[in-house]
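Only one structure is covered here, and it is reproduced in the block below.
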Amino acid sequence: MKNKVVVLFSGGIDSTVCLAQAVKIYGNKNVIAVSFDYGQNNSKELIQSKEICDYYKVEHVVIDIKNIFEFSNSSLIKKSNRDIPHETYDVQYKKLKENENVSTNVPFRNGVMLSICASFALSKNAKVIYYGIHHEEGIAHELYPDCSSEFDYAMDMAIYTGTGKKVSIVSPLVEMSKKEIIELGTKLKIPFNLTWTCYEDNEYACGKCTACIDRIKAFKENDLVDPIKYEG
Ligand SMILES: [Zn+2]
């Protein structure tokens, strides 16, 4: 019997590429995708996550961690009064005051999620957590410290030690750019049409938020047309 694998799953392109790889290596019956209801503003993220899990015929578990972020005023949280920026990270960075981060940063979100995945993996006898962290270009690397390769390494050490060497993190995309991830996703034939990247909560992706800007740019760099619909 093959080992079980947990995939930290958001329904975006990066985690869908991770899911596809995990299914290819371990088989769909041995993969469990874990998504989080962290009080996010965009409801499509969880809806699309389920659709993608149905597509791959893998078990999908949604864990509610809303309470943890109720003290945060990140613009990605539903109850926040801040608008989601429709600008690149470079433009946002220039406007930041000292000790301030971009509004779309959710405090230590990936740290919280990975810790929960480690506990979940122990309960489910899974040895590996697939995590779709990738190489952030430019200033985004500093704006999201819990997306850095240093953090990935430190978290892997903490989880490996804290689980009695039973669970470790696998980050297949850690050295890859968004452009390279889309290239790999194309090879793996992932259902790009089912993925959701946008920060806004609309029927179609806005095409203007930072997440949409980066997605559209990466498709263009690959000379590919993004199959999802955009507003307007
Ligand atoms: Zn958007």
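Identifiers in this document derive from the order of the structure tokens: chains are assigned A, B, ..., residues are numbered from 1 separately in each chain, and ligands are numbered from 1 in order of occurrence.
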
Would you give me, as JSON lines, each residue of range 152-228 of chain A having an atom within 12 Å of an atom of range 103-111 of chain A, along with its shortest atom pair and that distance in Å to one decimal, using only C-alpha atoms and sorting by chain and residue number?
{"residue": "A:Asp152", "atom": "CA", "partner": "A:Gly111", "partner_atom": "CA", "distance": 9.3}
{"residue": "A:Tyr153", "atom": "CA", "partner": "A:Gly111", "partner_atom": "CA", "distance": 11.9}
{"residue": "A:Ala154", "atom": "CA", "partner": "A:Gly111", "partner_atom": "CA", "distance": 10.3}
{"residue": "A:Met155", "atom": "CA", "partner": "A:Gly111", "partner_atom": "CA", "distance": 7.6}
{"residue": "A:Asp156", "atom": "CA", "partner": "A:Gly111", "partner_atom": "CA", "distance": 10.7}
{"residue": "A:Ala158", "atom": "CA", "partner": "A:Gly111", "partner_atom": "CA", "distance": 10.7}
{"residue": "A:Ile159", "atom": "CA", "partner": "A:Gly111", "partner_atom": "CA", "distance": 10.7}
{"residue": "A:Cys198", "atom": "CA", "partner": "A:Thr104", "partner_atom": "CA", "distance": 11.7}
{"residue": "A:Tyr199", "atom": "CA", "partner": "A:Thr104", "partner_atom": "CA", "distance": 8.5}
{"residue": "A:Glu200", "atom": "CA", "partner": "A:Thr104", "partner_atom": "CA", "distance": 11.1}
{"residue": "A:Cys209", "atom": "CA", "partner": "A:Thr104", "partner_atom": "CA", "distance": 10.2}
{"residue": "A:Thr210", "atom": "CA", "partner": "A:Thr104", "partner_atom": "CA", "distance": 9.1}
{"residue": "A:Ala211", "atom": "CA", "partner": "A:Thr104", "partner_atom": "CA", "distance": 9.8}

Export of prior selection with C-alpha atoms as a PDB file, in the first residue's frame:
ATOM      1  CA  ASP A 152       9.650  26.459   3.890  1.00  0.00           C
ATOM      2  CA  TYR A 153      12.912  24.928   5.136  1.00  0.00           C
ATOM      3  CA  ALA A 154      12.305  26.036   8.740  1.00  0.00           C
ATOM      4  CA  MET A 155       8.712  24.761   8.730  1.00  0.00           C
ATOM      5  CA  ASP A 156       9.815  21.434   7.281  1.00  0.00           C
ATOM      6  CA  ALA A 158       9.785  22.038  12.737  1.00  0.00           C
ATOM      7  CA  ILE A 159       7.157  19.623  11.382  1.00  0.00           C
ATOM      8  CA  CYS A 198      -8.643  36.282  -8.095  1.00  0.00           C
ATOM      9  CA  TYR A 199      -8.816  37.998  -4.683  1.00  0.00           C
ATOM     10  CA  GLU A 200     -12.217  39.552  -5.393  1.00  0.00           C
ATOM     11  CA  CYS A 209      -6.165  42.597  -8.534  1.00  0.00           C
ATOM     12  CA  THR A 210      -2.526  41.678  -7.891  1.00  0.00           C
ATOM     13  CA  ALA A 211      -3.277  37.943  -8.116  1.00  0.00           C
TER      14      ALA A 211
END

Requested in this report: Tell me which protein, DNA and RNA residues are within 12 Å of Ile65 in chain A, counting only C-alpha atoms, leaving out same-chain ones fewer than 6 positions away, and put them as a ChimeraX atom specification.
Outcome: /A:35-40,77,109,112-113,116

Query raised in the report: Residues at most 7 Å from Gly11 in chain A, counting only C-alpha atoms, excluding those fewer than 6 positions away in the same chain, as a count of residues only?
Result: 5

Query - Residue contacts of Ala205 in chain A (8 Å, only C-alpha atoms) excluding same-chain residues fewer than 3 positions away, as a ChimeraX atom specification - result: /A:196-198,200,202,212,228-231

With all heavy atoms retained, could you export that selection as a PDB file, in the first residue's frame?
ATOM      1  N   TRP A 196      -8.995  28.985  -9.566  1.00  0.00           N
ATOM      2  CA  TRP A 196      -9.423  30.339  -9.185  1.00  0.00           C
ATOM      3  C   TRP A 196      -8.270  31.038  -8.498  1.00  0.00           C
ATOM      4  O   TRP A 196      -7.713  30.533  -7.526  1.00  0.00           O
ATOM      5  CB  TRP A 196     -10.635  30.265  -8.250  1.00  0.00           C
ATOM      6  CG  TRP A 196     -11.150  31.622  -7.887  1.00  0.00           C
ATOM      7  CD1 TRP A 196     -10.886  32.312  -6.740  1.00  0.00           C
ATOM      8  CD2 TRP A 196     -12.012  32.464  -8.670  1.00  0.00           C
ATOM      9  NE1 TRP A 196     -11.520  33.533  -6.767  1.00  0.00           N
ATOM     10  CE2 TRP A 196     -12.212  33.648  -7.939  1.00  0.00           C
ATOM     11  CE3 TRP A 196     -12.611  32.342  -9.925  1.00  0.00           C
ATOM     12  CZ2 TRP A 196     -13.013  34.704  -8.409  1.00  0.00           C
ATOM     13  CZ3 TRP A 196     -13.401  33.396 -10.395  1.00  0.00           C
ATOM     14  CH2 TRP A 196     -13.599  34.545  -9.641  1.00  0.00           C
ATOM     15  N   THR A 197      -7.927  32.226  -8.978  1.00  0.00           N
ATOM     16  CA  THR A 197      -6.772  32.968  -8.483  1.00  0.00           C
ATOM     17  C   THR A 197      -7.176  34.313  -7.887  1.00  0.00           C
ATOM     18  O   THR A 197      -6.548  34.804  -6.945  1.00  0.00           O
ATOM     19  CB  THR A 197      -5.777  33.203  -9.660  1.00  0.00           C
ATOM     20  OG1 THR A 197      -5.428  31.928 -10.203  1.00  0.00           O
ATOM     21  CG2 THR A 197      -4.535  33.928  -9.212  1.00  0.00           C
ATOM     22  N   CYS A 198      -8.238  34.906  -8.424  1.00  0.00           N
ATOM     23  CA  CYS A 198      -8.643  36.282  -8.095  1.00  0.00           C
ATOM     24  C   CYS A 198      -8.923  36.476  -6.597  1.00  0.00           C
ATOM     25  O   CYS A 198      -9.478  35.603  -5.949  1.00  0.00           O
ATOM     26  CB  CYS A 198      -9.883  36.626  -8.915  1.00  0.00           C
ATOM     27  SG  CYS A 198     -10.446  38.310  -8.691  1.00  0.00           S
ATOM     28  N   GLU A 200     -10.880  38.968  -5.527  1.00  0.00           N
ATOM     29  CA  GLU A 200     -12.217  39.552  -5.393  1.00  0.00           C
ATOM     30  C   GLU A 200     -13.281  38.453  -5.344  1.00  0.00           C
ATOM     31  O   GLU A 200     -13.031  37.317  -5.731  1.00  0.00           O
ATOM     32  CB  GLU A 200     -12.510  40.486  -6.573  1.00  0.00           C
ATOM     33  CG  GLU A 200     -11.601  41.714  -6.660  1.00  0.00           C
ATOM     34  CD  GLU A 200     -12.017  42.827  -5.698  1.00  0.00           C
ATOM     35  OE1 GLU A 200     -12.955  42.629  -4.893  1.00  0.00           O
ATOM     36  OE2 GLU A 200     -11.372  43.891  -5.749  1.00  0.00           O
ATOM     37  N   ASN A 202     -16.247  37.914  -7.112  1.00  0.00           N
ATOM     38  CA  ASN A 202     -17.172  38.143  -8.220  1.00  0.00           C
ATOM     39  C   ASN A 202     -17.439  36.814  -8.923  1.00  0.00           C
ATOM     40  O   ASN A 202     -16.747  35.835  -8.668  1.00  0.00           O
ATOM     41  CB  ASN A 202     -16.562  39.107  -9.241  1.00  0.00           C
ATOM     42  CG  ASN A 202     -16.228  40.450  -8.612  1.00  0.00           C
ATOM     43  OD1 ASN A 202     -16.964  40.945  -7.769  1.00  0.00           O
ATOM     44  ND2 ASN A 202     -15.094  41.012  -9.006  1.00  0.00           N
ATOM     45  N   CYS A 212      -4.658  38.457 -10.062  1.00  0.00           N
ATOM     46  CA  CYS A 212      -5.032  38.370 -11.483  1.00  0.00           C
ATOM     47  C   CYS A 212      -3.914  38.914 -12.370  1.00  0.00           C
ATOM     48  O   CYS A 212      -3.592  38.306 -13.402  1.00  0.00           O
ATOM     49  CB  CYS A 212      -6.312  39.162 -11.748  1.00  0.00           C
ATOM     50  SG  CYS A 212      -7.823  38.312 -11.267  1.00  0.00           S
ATOM     51  N   ILE A 228      -9.972  30.909 -18.300  1.00  0.00           N
ATOM     52  CA  ILE A 228     -11.065  31.372 -17.427  1.00  0.00           C
ATOM     53  C   ILE A 228     -11.645  32.678 -17.962  1.00  0.00           C
ATOM     54  O   ILE A 228     -11.001  33.401 -18.711  1.00  0.00           O
ATOM     55  CB  ILE A 228     -10.623  31.554 -15.949  1.00  0.00           C
ATOM     56  CG1 ILE A 228      -9.573  32.648 -15.800  1.00  0.00           C
ATOM     57  CG2 ILE A 228     -10.136  30.230 -15.365  1.00  0.00           C
ATOM     58  CD1 ILE A 228      -9.430  33.157 -14.367  1.00  0.00           C
ATOM     59  N   LYS A 229     -12.878  32.976 -17.516  1.00  0.00           N
ATOM     60  CA  LYS A 229     -13.525  34.221 -17.942  1.00  0.00           C
ATOM     61  C   LYS A 229     -13.131  35.357 -17.001  1.00  0.00           C
ATOM     62  O   LYS A 229     -13.013  35.158 -15.790  1.00  0.00           O
ATOM     63  CB  LYS A 229     -15.044  34.056 -17.867  1.00  0.00           C
ATOM     64  CG  LYS A 229     -15.627  33.393 -19.080  1.00  0.00           C
ATOM     65  CD  LYS A 229     -17.153  33.503 -19.016  1.00  0.00           C
ATOM     66  CE  LYS A 229     -17.775  32.696 -20.136  1.00  0.00           C
ATOM     67  NZ  LYS A 229     -19.207  32.535 -19.941  1.00  0.00           N
ATOM     68  N   TYR A 230     -12.949  36.515 -17.563  1.00  0.00           N
ATOM     69  CA  TYR A 230     -12.691  37.721 -16.766  1.00  0.00           C
ATOM     70  C   TYR A 230     -13.849  38.699 -16.912  1.00  0.00           C
ATOM     71  O   TYR A 230     -14.516  38.729 -17.945  1.00  0.00           O
ATOM     72  CB  TYR A 230     -11.377  38.380 -17.205  1.00  0.00           C
ATOM     73  CG  TYR A 230     -10.154  37.627 -16.732  1.00  0.00           C
ATOM     74  CD1 TYR A 230      -9.557  36.646 -17.530  1.00  0.00           C
ATOM     75  CD2 TYR A 230      -9.618  37.854 -15.470  1.00  0.00           C
ATOM     76  CE1 TYR A 230      -8.454  35.934 -17.094  1.00  0.00           C
ATOM     77  CE2 TYR A 230      -8.520  37.151 -15.024  1.00  0.00           C
ATOM     78  CZ  TYR A 230      -7.936  36.188 -15.824  1.00  0.00           C
ATOM     79  OH  TYR A 230      -6.853  35.486 -15.382  1.00  0.00           O
ATOM     80  N   GLU A 231     -14.086  39.492 -15.873  1.00  0.00           N
ATOM     81  CA  GLU A 231     -15.127  40.513 -15.891  1.00  0.00           C
ATOM     82  C   GLU A 231     -14.916  41.428 -17.098  1.00  0.00           C
ATOM     83  O   GLU A 231     -13.789  41.831 -17.368  1.00  0.00           O
ATOM     84  CB  GLU A 231     -15.044  41.377 -14.626  1.00  0.00           C
ATOM     85  CG  GLU A 231     -15.304  40.616 -13.356  1.00  0.00           C
ATOM     86  CD  GLU A 231     -16.727  40.800 -12.859  1.00  0.00           C
ATOM     87  OE1 GLU A 231     -17.183  41.958 -12.797  1.00  0.00           O
ATOM     88  OE2 GLU A 231     -17.369  39.795 -12.531  1.00  0.00           O
TER      89      GLU A 231
END

Query raised in the report: So what do you get for CA of Asp201 in chain A versus CA of Ile47 in chain A, distance-wise?
Result: 11.7 Å

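In this structure, CA of Cys53 in chain A sits 17.8 Å away from CA of Thr186 in chain A.
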
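Contact shell of Thr16 in chain A at 9 Å (only C-alpha atoms; same-chain neighbours under 5 positions omitted): Phe9, Ser10, Gly11, Gln21, Ser49, Ile52, Gly132, Gly185, Ile190, Pro191, Phe192 and Thr195 of chain A.
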